[in-house]
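A quick write-up on the structure given underneath.
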Amino acid sequence: MGKVKVWDGFIRGFHWLLVTALGVLYISGEEGWLELHFVTGYMLLALMLARLIWGVIGSETARLSKLINHPAKVVNALKGKEDRVGHNAAGSLMVVLFFVLILLQLVTGLFTTDDILVDGPLVQYVSYDLVELAGSIHHSNIDFIIAAIALHILAIIAYRFKGKNLIKTLLTGTAESSLQQPKMKAGWIAYIIFALLAAVLIFLWGMEPLSQLIA
Ligand code: HEM
Ligand code: HEM
């Protein structure tokens, strides 16, 4: 047994920024604080895009290609038989589900209107029917996101009872393991990609809500 680096600095930061952003987006959406909703939405879109890019060029444990596994491996993981550093095959399915649901929420948001004053930035380019459809997906998909979060937290608690402290690994980035050290990349590269994407999105769509927010 030795210390193995599992999560780079970006994956760790990404996770808690994602949790924070979703909290802000949920409350601001429900309360109708749409300037805050939009600015946070663009930041989260930049964060998710940076995570997807990191999934191609980043550390081995961040790779998107590792997230798709044969169903037999998922069953093995659920039985506790599979061991690897990073997301196991069942956890990987959960991650894919999160990415799909969150991206769907972000993209439909761009086409959603409050029917009074505020339009998502892409509403003007599409038909009213499409805006209606995007709005209804935006309203219902949030329930699937909440269900996925509940399942995610239950799974983490279940692993804790089985003696695996996944939260500690996510906080410290390291775990005790006899398995081989995965190839890691420096997380700051991904933070720079995130900052650049956030700057582009804020410049493109976020100047108006941001100026109203800080005025
Ligand atoms: C808004 C709520 C949450 C969302 C949307 C969420 C989403 C995610 C995602 C997408 C990942 C994969 C990270 C990646 O590869 O980039 C992940 C991993 C993880 N999350 Fe969360 N999470 C949430 C809340 C929590 C909470 C409250 C905890 C702890 C109590 C937690 C503990 C973990 C752990 C330990 C992992 C690593 C799992 C593994 O070892 O495979 N998450 N989460
Ligand atoms: C993952 C990211 C997002 C989450 C979790 C989220 C969540 C929500 C929630 C919970 C509501 C309230 C829905 C309701 O009243 O039933 C809402 C409304 C809204 N969202 Fe989002 N949203 C996200 C991203 C975005 C983005 C990126 C935009 C556009 C830039 C956007 C535009 C809107 C608009 C215009 C409304 C008001 C709809 C209305 O009043 O009927 N959202 N969002």
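The way I read the labels, and the way they are meant: chains A, B, ... in the order of the structure tokens, residue 1 as the first residue of every chain, and ligand 1 as the first ligand shown, with later ones counted on from there.
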
- Within 6 Å of ligand 1, counting only C-alpha atoms and all ligand atoms: which residues, as JSON, numbers by chain? {"A": [11, 15, 19, 22, 62, 86, 87, 91, 95, 98, 149, 153, 166, 167, 170]}

Just to be explicit: take each residue in the selection above, keep N, CA and C atoms, and write the result as a PDB file, in the first residue's frame.
ATOM      1  N   ILE A  11      -9.980  18.808 -10.945  1.00  0.00           N
ATOM      2  CA  ILE A  11     -11.154  17.953 -10.697  1.00  0.00           C
ATOM      3  C   ILE A  11     -11.722  18.262  -9.309  1.00  0.00           C
ATOM      4  N   HIS A  15     -15.439  20.082  -8.809  1.00  0.00           N
ATOM      5  CA  HIS A  15     -16.566  19.470  -8.099  1.00  0.00           C
ATOM      6  C   HIS A  15     -17.269  20.461  -7.183  1.00  0.00           C
ATOM      7  N   VAL A  19     -20.998  22.229  -7.421  1.00  0.00           N
ATOM      8  CA  VAL A  19     -22.006  22.147  -6.348  1.00  0.00           C
ATOM      9  C   VAL A  19     -22.502  23.567  -5.997  1.00  0.00           C
ATOM     10  N   LEU A  22     -24.605  25.113  -8.938  1.00  0.00           N
ATOM     11  CA  LEU A  22     -25.947  24.535  -9.050  1.00  0.00           C
ATOM     12  C   LEU A  22     -26.856  25.062  -7.940  1.00  0.00           C
ATOM     13  N   ALA A  62      -9.302  11.825 -15.192  1.00  0.00           N
ATOM     14  CA  ALA A  62     -10.311  12.795 -15.649  1.00  0.00           C
ATOM     15  C   ALA A  62     -10.845  12.428 -17.028  1.00  0.00           C
ATOM     16  N   GLY A  86      -9.609   6.148  -9.338  1.00  0.00           N
ATOM     17  CA  GLY A  86     -10.504   7.041 -10.086  1.00  0.00           C
ATOM     18  C   GLY A  86     -11.915   6.509 -10.023  1.00  0.00           C
ATOM     19  N   HIS A  87     -12.811   7.033 -10.892  1.00  0.00           N
ATOM     20  CA  HIS A  87     -14.200   6.555 -10.878  1.00  0.00           C
ATOM     21  C   HIS A  87     -14.241   5.092 -11.279  1.00  0.00           C
ATOM     22  N   GLY A  91     -19.594   4.306 -10.912  1.00  0.00           N
ATOM     23  CA  GLY A  91     -19.456   5.745 -10.655  1.00  0.00           C
ATOM     24  C   GLY A  91     -19.359   6.519 -11.971  1.00  0.00           C
ATOM     25  N   VAL A  95     -21.366   9.832 -13.419  1.00  0.00           N
ATOM     26  CA  VAL A  95     -20.729  11.062 -13.912  1.00  0.00           C
ATOM     27  C   VAL A  95     -21.279  11.431 -15.295  1.00  0.00           C
ATOM     28  N   PHE A  98     -24.696  12.891 -14.920  1.00  0.00           N
ATOM     29  CA  PHE A  98     -24.598  14.286 -14.462  1.00  0.00           C
ATOM     30  C   PHE A  98     -24.235  15.213 -15.618  1.00  0.00           C
ATOM     31  N   ILE A 149     -28.632  13.884  -7.856  1.00  0.00           N
ATOM     32  CA  ILE A 149     -27.813  14.322  -6.716  1.00  0.00           C
ATOM     33  C   ILE A 149     -28.115  13.441  -5.500  1.00  0.00           C
ATOM     34  N   ILE A 153     -25.382  11.098  -3.562  1.00  0.00           N
ATOM     35  CA  ILE A 153     -25.024  11.228  -2.144  1.00  0.00           C
ATOM     36  C   ILE A 153     -25.283   9.896  -1.411  1.00  0.00           C
ATOM     37  N   LEU A 166     -14.656   8.034   0.073  1.00  0.00           N
ATOM     38  CA  LEU A 166     -14.439   8.712  -1.214  1.00  0.00           C
ATOM     39  C   LEU A 166     -14.327  10.231  -1.048  1.00  0.00           C
ATOM     40  N   ILE A 167     -14.997  10.765  -0.016  1.00  0.00           N
ATOM     41  CA  ILE A 167     -14.990  12.221   0.186  1.00  0.00           C
ATOM     42  C   ILE A 167     -13.577  12.692   0.551  1.00  0.00           C
ATOM     43  N   LEU A 170     -11.576  12.864  -2.468  1.00  0.00           N
ATOM     44  CA  LEU A 170     -11.923  14.031  -3.296  1.00  0.00           C
ATOM     45  C   LEU A 170     -11.378  15.319  -2.668  1.00  0.00           C
TER      46      LEU A 170
END

Do a neighbour search on Gly109 in chain A at 7 Å with only C-alpha atoms, toss out local chain neighbours closer than 3 positions, and write the hits as a JSON list (two decimals) with C-alpha atoms, in the first residue's frame.
[["chain", "number", "residue", "atom", "x", "y", "z"],
["A", 105, "GLN", "CA", -30.10, 22.31, -18.38],
["A", 106, "LEU", "CA", -27.48, 24.82, -19.53],
["A", 112, "THR", "CA", -35.61, 29.93, -22.26],
["A", 120, "GLY", "CA", -31.96, 33.64, -22.81],
["A", 138, "HIS", "CA", -35.62, 23.57, -18.42]]

Collect all residues with atoms no farther than 8 Å from ligand 2, counting only C-alpha atoms and all ligand atoms, and output them as a PDB file with N, CA and C atoms, in the first residue's frame.
ATOM      1  N   ALA A  21     -22.317  26.370  -7.857  1.00  0.00           N
ATOM      2  CA  ALA A  21     -23.033  26.998  -8.974  1.00  0.00           C
ATOM      3  C   ALA A  21     -24.448  26.441  -9.084  1.00  0.00           C
ATOM      4  N   LEU A  22     -24.605  25.113  -8.938  1.00  0.00           N
ATOM      5  CA  LEU A  22     -25.947  24.535  -9.050  1.00  0.00           C
ATOM      6  C   LEU A  22     -26.856  25.062  -7.940  1.00  0.00           C
ATOM      7  N   GLY A  23     -26.303  25.232  -6.750  1.00  0.00           N
ATOM      8  CA  GLY A  23     -27.088  25.788  -5.638  1.00  0.00           C
ATOM      9  C   GLY A  23     -27.562  27.199  -5.971  1.00  0.00           C
ATOM     10  N   LEU A  25     -27.800  28.554  -8.940  1.00  0.00           N
ATOM     11  CA  LEU A  25     -28.712  28.530 -10.091  1.00  0.00           C
ATOM     12  C   LEU A  25     -30.109  28.077  -9.684  1.00  0.00           C
ATOM     13  N   TYR A  26     -30.180  27.109  -8.781  1.00  0.00           N
ATOM     14  CA  TYR A  26     -31.491  26.626  -8.357  1.00  0.00           C
ATOM     15  C   TYR A  26     -32.257  27.740  -7.641  1.00  0.00           C
ATOM     16  N   ILE A  27     -31.588  28.353  -6.664  1.00  0.00           N
ATOM     17  CA  ILE A  27     -32.280  29.384  -5.869  1.00  0.00           C
ATOM     18  C   ILE A  27     -32.632  30.597  -6.743  1.00  0.00           C
ATOM     19  N   SER A  28     -31.657  31.054  -7.559  1.00  0.00           N
ATOM     20  CA  SER A  28     -31.928  32.247  -8.366  1.00  0.00           C
ATOM     21  C   SER A  28     -33.002  31.968  -9.421  1.00  0.00           C
ATOM     22  N   GLY A  29     -33.042  30.726  -9.952  1.00  0.00           N
ATOM     23  CA  GLY A  29     -34.088  30.361 -10.923  1.00  0.00           C
ATOM     24  C   GLY A  29     -35.456  30.389 -10.270  1.00  0.00           C
ATOM     25  N   GLU A  30     -35.561  29.749  -9.116  1.00  0.00           N
ATOM     26  CA  GLU A  30     -36.848  29.689  -8.413  1.00  0.00           C
ATOM     27  C   GLU A  30     -37.304  31.077  -7.972  1.00  0.00           C
ATOM     28  N   GLU A  31     -36.352  31.916  -7.538  1.00  0.00           N
ATOM     29  CA  GLU A  31     -36.722  33.243  -7.023  1.00  0.00           C
ATOM     30  C   GLU A  31     -36.904  34.278  -8.131  1.00  0.00           C
ATOM     31  N   GLY A  32     -36.471  33.899  -9.354  1.00  0.00           N
ATOM     32  CA  GLY A  32     -36.573  34.863 -10.456  1.00  0.00           C
ATOM     33  C   GLY A  32     -35.496  35.943 -10.421  1.00  0.00           C
ATOM     34  N   LEU A  34     -32.923  36.763 -12.177  1.00  0.00           N
ATOM     35  CA  LEU A  34     -32.380  36.241 -13.433  1.00  0.00           C
ATOM     36  C   LEU A  34     -31.011  36.814 -13.827  1.00  0.00           C
ATOM     37  N   HIS A  37     -28.831  34.527 -12.111  1.00  0.00           N
ATOM     38  CA  HIS A  37     -29.020  33.224 -12.762  1.00  0.00           C
ATOM     39  C   HIS A  37     -28.197  33.153 -14.050  1.00  0.00           C
ATOM     40  N   PHE A  38     -28.274  34.212 -14.862  1.00  0.00           N
ATOM     41  CA  PHE A  38     -27.576  34.196 -16.150  1.00  0.00           C
ATOM     42  C   PHE A  38     -26.056  34.197 -15.957  1.00  0.00           C
ATOM     43  N   VAL A  39     -25.559  35.108 -15.097  1.00  0.00           N
ATOM     44  CA  VAL A  39     -24.096  35.211 -14.928  1.00  0.00           C
ATOM     45  C   VAL A  39     -23.542  33.877 -14.397  1.00  0.00           C
ATOM     46  N   THR A  40     -24.240  33.307 -13.404  1.00  0.00           N
ATOM     47  CA  THR A  40     -23.781  32.014 -12.864  1.00  0.00           C
ATOM     48  C   THR A  40     -23.884  30.929 -13.930  1.00  0.00           C
ATOM     49  N   GLY A  41     -24.953  30.991 -14.739  1.00  0.00           N
ATOM     50  CA  GLY A  41     -25.135  30.011 -15.828  1.00  0.00           C
ATOM     51  C   GLY A  41     -23.955  30.044 -16.796  1.00  0.00           C
ATOM     52  N   TYR A  42     -23.492  31.265 -17.169  1.00  0.00           N
ATOM     53  CA  TYR A  42     -22.363  31.346 -18.107  1.00  0.00           C
ATOM     54  C   TYR A  42     -21.075  30.825 -17.467  1.00  0.00           C
ATOM     55  N   LEU A  44     -20.929  28.514 -15.180  1.00  0.00           N
ATOM     56  CA  LEU A  44     -21.019  27.046 -15.133  1.00  0.00           C
ATOM     57  C   LEU A  44     -20.825  26.431 -16.520  1.00  0.00           C
ATOM     58  N   LEU A  45     -21.340  27.123 -17.547  1.00  0.00           N
ATOM     59  CA  LEU A  45     -21.132  26.621 -18.911  1.00  0.00           C
ATOM     60  C   LEU A  45     -19.627  26.575 -19.214  1.00  0.00           C
ATOM     61  N   ILE A 102     -26.735  18.143 -16.781  1.00  0.00           N
ATOM     62  CA  ILE A 102     -26.328  19.535 -16.528  1.00  0.00           C
ATOM     63  C   ILE A 102     -26.164  20.297 -17.851  1.00  0.00           C
ATOM     64  N   LEU A 103     -25.580  19.624 -18.863  1.00  0.00           N
ATOM     65  CA  LEU A 103     -25.438  20.296 -20.161  1.00  0.00           C
ATOM     66  C   LEU A 103     -26.811  20.577 -20.766  1.00  0.00           C
ATOM     67  N   LEU A 104     -27.753  19.629 -20.607  1.00  0.00           N
ATOM     68  CA  LEU A 104     -29.119  19.836 -21.123  1.00  0.00           C
ATOM     69  C   LEU A 104     -29.749  21.056 -20.437  1.00  0.00           C
ATOM     70  N   GLN A 105     -29.543  21.180 -19.128  1.00  0.00           N
ATOM     71  CA  GLN A 105     -30.100  22.310 -18.381  1.00  0.00           C
ATOM     72  C   GLN A 105     -29.485  23.630 -18.866  1.00  0.00           C
ATOM     73  N   LEU A 106     -28.175  23.601 -19.087  1.00  0.00           N
ATOM     74  CA  LEU A 106     -27.482  24.824 -19.526  1.00  0.00           C
ATOM     75  C   LEU A 106     -27.939  25.232 -20.931  1.00  0.00           C
ATOM     76  N   VAL A 107     -27.975  24.248 -21.844  1.00  0.00           N
ATOM     77  CA  VAL A 107     -28.315  24.578 -23.236  1.00  0.00           C
ATOM     78  C   VAL A 107     -29.774  25.029 -23.337  1.00  0.00           C
ATOM     79  N   THR A 108     -30.699  24.335 -22.649  1.00  0.00           N
ATOM     80  CA  THR A 108     -32.103  24.761 -22.730  1.00  0.00           C
ATOM     81  C   THR A 108     -32.274  26.143 -22.099  1.00  0.00           C
ATOM     82  N   GLY A 109     -31.484  26.453 -21.074  1.00  0.00           N
ATOM     83  CA  GLY A 109     -31.548  27.780 -20.448  1.00  0.00           C
ATOM     84  C   GLY A 109     -31.276  28.891 -21.456  1.00  0.00           C
ATOM     85  N   LEU A 110     -30.341  28.637 -22.379  1.00  0.00           N
ATOM     86  CA  LEU A 110     -29.984  29.659 -23.377  1.00  0.00           C
ATOM     87  C   LEU A 110     -31.172  30.006 -24.266  1.00  0.00           C
ATOM     88  N   PHE A 111     -32.134  29.051 -24.369  1.00  0.00           N
ATOM     89  CA  PHE A 111     -33.301  29.249 -25.236  1.00  0.00           C
ATOM     90  C   PHE A 111     -34.578  29.520 -24.431  1.00  0.00           C
ATOM     91  N   THR A 112     -34.421  29.776 -23.112  1.00  0.00           N
ATOM     92  CA  THR A 112     -35.608  29.932 -22.257  1.00  0.00           C
ATOM     93  C   THR A 112     -35.923  31.416 -22.026  1.00  0.00           C
ATOM     94  N   THR A 113     -37.237  31.711 -21.950  1.00  0.00           N
ATOM     95  CA  THR A 113     -37.669  33.081 -21.663  1.00  0.00           C
ATOM     96  C   THR A 113     -38.580  33.065 -20.440  1.00  0.00           C
ATOM     97  N   ASP A 114     -38.631  34.189 -19.709  1.00  0.00           N
ATOM     98  CA  ASP A 114     -39.577  34.251 -18.587  1.00  0.00           C
ATOM     99  C   ASP A 114     -40.926  34.788 -19.070  1.00  0.00           C
ATOM    100  N   ASP A 115     -41.048  34.988 -20.409  1.00  0.00           N
ATOM    101  CA  ASP A 115     -42.280  35.465 -21.042  1.00  0.00           C
ATOM    102  C   ASP A 115     -42.652  36.880 -20.629  1.00  0.00           C
ATOM    103  N   VAL A 118     -37.251  38.892 -19.660  1.00  0.00           N
ATOM    104  CA  VAL A 118     -35.899  38.355 -19.830  1.00  0.00           C
ATOM    105  C   VAL A 118     -35.877  37.139 -20.755  1.00  0.00           C
ATOM    106  N   ASP A 119     -35.003  37.222 -21.780  1.00  0.00           N
ATOM    107  CA  ASP A 119     -34.817  36.106 -22.708  1.00  0.00           C
ATOM    108  C   ASP A 119     -33.410  35.553 -22.575  1.00  0.00           C
ATOM    109  N   GLY A 120     -33.286  34.230 -22.667  1.00  0.00           N
ATOM    110  CA  GLY A 120     -31.962  33.636 -22.807  1.00  0.00           C
ATOM    111  C   GLY A 120     -31.325  34.172 -24.090  1.00  0.00           C
ATOM    112  N   PRO A 121     -29.992  34.166 -24.223  1.00  0.00           N
ATOM    113  CA  PRO A 121     -29.322  34.849 -25.333  1.00  0.00           C
ATOM    114  C   PRO A 121     -29.596  34.260 -26.716  1.00  0.00           C
ATOM    115  N   GLY A 135     -38.069  25.735 -22.750  1.00  0.00           N
ATOM    116  CA  GLY A 135     -38.533  26.193 -21.431  1.00  0.00           C
ATOM    117  C   GLY A 135     -39.118  25.039 -20.627  1.00  0.00           C
ATOM    118  N   HIS A 138     -36.353  22.867 -19.483  1.00  0.00           N
ATOM    119  CA  HIS A 138     -35.618  23.573 -18.420  1.00  0.00           C
ATOM    120  C   HIS A 138     -36.346  23.441 -17.075  1.00  0.00           C
ATOM    121  N   HIS A 139     -37.694  23.492 -17.133  1.00  0.00           N
ATOM    122  CA  HIS A 139     -38.476  23.380 -15.887  1.00  0.00           C
ATOM    123  C   HIS A 139     -38.467  21.965 -15.320  1.00  0.00           C
ATOM    124  N   SER A 140     -38.582  20.940 -16.213  1.00  0.00           N
ATOM    125  CA  SER A 140     -38.718  19.556 -15.700  1.00  0.00           C
ATOM    126  C   SER A 140     -37.379  18.904 -15.406  1.00  0.00           C
ATOM    127  N   ILE A 142     -34.761  19.878 -14.070  1.00  0.00           N
ATOM    128  CA  ILE A 142     -34.175  20.173 -12.757  1.00  0.00           C
ATOM    129  C   ILE A 142     -34.540  19.066 -11.754  1.00  0.00           C
ATOM    130  N   ILE A 145     -32.155  16.315 -12.172  1.00  0.00           N
ATOM    131  CA  ILE A 145     -30.852  16.682 -11.588  1.00  0.00           C
ATOM    132  C   ILE A 145     -30.895  16.449 -10.074  1.00  0.00           C
TER     133      ILE A 145
END

- Item | Residues flagged helix (DSSP H, G or I) by DSSP in range 31-210 of chain A, as JSON, numbers by chain | {"A": [31, 34, 35, 36, 37, 38, 39, 40, 41, 42, 43, 44, 45, 46, 47, 48, 49, 50, 51, 52, 53, 54, 55, 56, 57, 60, 61, 62, 64, 65, 66, 71, 72, 73, 74, 75, 76, 77, 78, 89, 90, 91, 92, 93, 94, 95, 96, 97, 98, 99, 100, 101, 102, 103, 104, 105, 106, 107, 108, 109, 110, 123, 124, 125, 128, 129, 130, 131, 132, 133, 134, 135, 136, 137, 138, 139, 140, 141, 142, 143, 144, 145, 146, 147, 148, 149, 150, 151, 152, 153, 154, 155, 156, 157, 158, 159, 160, 161, 166, 167, 168, 169, 170, 171, 172, 187, 188, 189, 190, 191, 192, 193, 194, 195, 196, 197, 198, 199, 200, 201, 202, 203, 204, 205, 206, 207, 208, 209, 210]}

- Which of these, A:Trp33, A:Met94, A:Ser177, A:Trp7, has the shortest distance to Ile156 in chain A once you count only C-alpha atoms? A:Met94

- Item | DSSP strand (DSSP E) selection over chain A, as a ChimeraX atom specification | /A:2-5,174-177

What would the file look like if the residues just selected were written as a short mmCIF file (atom, residue, chain, number, x, y, z; two decimals), in the first residue's frame with C-alpha atoms?
data_model
loop_
_atom_site.label_atom_id
_atom_site.label_comp_id
_atom_site.auth_asym_id
_atom_site.auth_seq_id
_atom_site.Cartn_x
_atom_site.Cartn_y
_atom_site.Cartn_z
CA GLY A 2 1.20 3.50 -0.80
CA LYS A 3 -0.09 6.97 -1.42
CA VAL A 4 -1.53 7.40 -4.89
CA LYS A 5 -2.59 10.72 -6.42
CA THR A 174 -4.85 11.17 -2.69
CA ALA A 175 -5.71 7.67 -1.48
CA GLU A 176 -3.93 4.66 -0.01
CA SER A 177 -3.77 2.00 -2.71
#

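Using only C-alpha atoms, the nearest neighbour of Ala77 in chain A within the list A:Ser65, A:Tyr159, A:Ile192, A:Leu97 is A:Tyr159.
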
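One distance worth recording is that between CA of Ala199 in chain A and CA of Ile137 in chain A, which is 27.5 Å.
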
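Of the listed residues A:Gly9, A:Pro182, A:Gly80, A:Gly55, the one whose atoms come nearest to Val96 in chain A is A:Gly55, with distances taken using only C-alpha atoms.
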
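Straight-line separation from CA of Leu17 in chain A to CA of Leu64 in chain A: 19.3 Å.
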
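What separates CA of Leu122 in chain A from CA of Trp205 in chain A is a distance of 9.6 Å.
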
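When only C-alpha atoms are used to compute distances to Met207 in chain A, the closest of the residues A:Met1, A:Leu36, A:Leu18, A:Ala158 turns out to be A:Leu36.
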
- Using only C-alpha atoms, find the one residue out of A:Leu67, A:Glu82, A:Val75, A:Ala195 that sits nearest to Ala46 in chain A. A:Ala195

- Item | Surrounding residues of Ala186 in chain A excluding itself and chain neighbours under 2 positions, 9 Å, only C-alpha atoms, as number ranges by chain | A: 8-10, 58-59, 184, 188-190

Produce a file of the selected residues containing N, CA, C and O atoms, as a tab-separated table (two decimals), in the first residue's frame.
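Output file out-v8.tsv is given in full below:
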chain	number	residue	atom	x	y	z
A	8	ASP	N	-6.59	15.44	-9.66
A	8	ASP	CA	-5.76	16.65	-9.75
A	8	ASP	C	-6.55	17.84	-9.18
A	8	ASP	O	-7.74	17.74	-8.88
A	9	GLY	N	-5.86	18.98	-9.06
A	9	GLY	CA	-6.45	20.17	-8.44
A	9	GLY	C	-7.68	20.67	-9.17
A	9	GLY	O	-8.61	21.20	-8.56
A	10	PHE	N	-7.72	20.48	-10.49
A	10	PHE	CA	-8.89	20.99	-11.21
A	10	PHE	C	-10.13	20.14	-10.93
A	10	PHE	O	-11.21	20.68	-10.69
A	58	GLY	N	-6.58	15.99	-20.16
A	58	GLY	CA	-6.17	16.07	-18.75
A	58	GLY	C	-5.64	14.77	-18.17
A	58	GLY	O	-5.23	13.85	-18.90
A	59	SER	N	-5.64	14.70	-16.84
A	59	SER	CA	-5.12	13.54	-16.11
A	59	SER	C	-5.89	12.26	-16.50
A	59	SER	O	-7.04	12.34	-16.93
A	184	MET	N	-0.82	11.90	-14.18
A	184	MET	CA	-1.52	13.14	-13.79
A	184	MET	C	-0.99	14.33	-14.60
A	184	MET	O	0.16	14.34	-15.03
A	188	TRP	N	-3.71	23.46	-13.02
A	188	TRP	CA	-3.82	24.90	-13.33
A	188	TRP	C	-4.05	25.14	-14.82
A	188	TRP	O	-4.65	26.15	-15.21
A	189	ILE	N	-3.61	24.19	-15.65
A	189	ILE	CA	-3.83	24.36	-17.11
A	189	ILE	C	-5.34	24.43	-17.36
A	189	ILE	O	-5.83	25.26	-18.13
A	190	ALA	N	-6.10	23.55	-16.68
A	190	ALA	CA	-7.55	23.53	-16.87
A	190	ALA	C	-8.20	24.79	-16.30
A	190	ALA	O	-9.18	25.29	-16.86
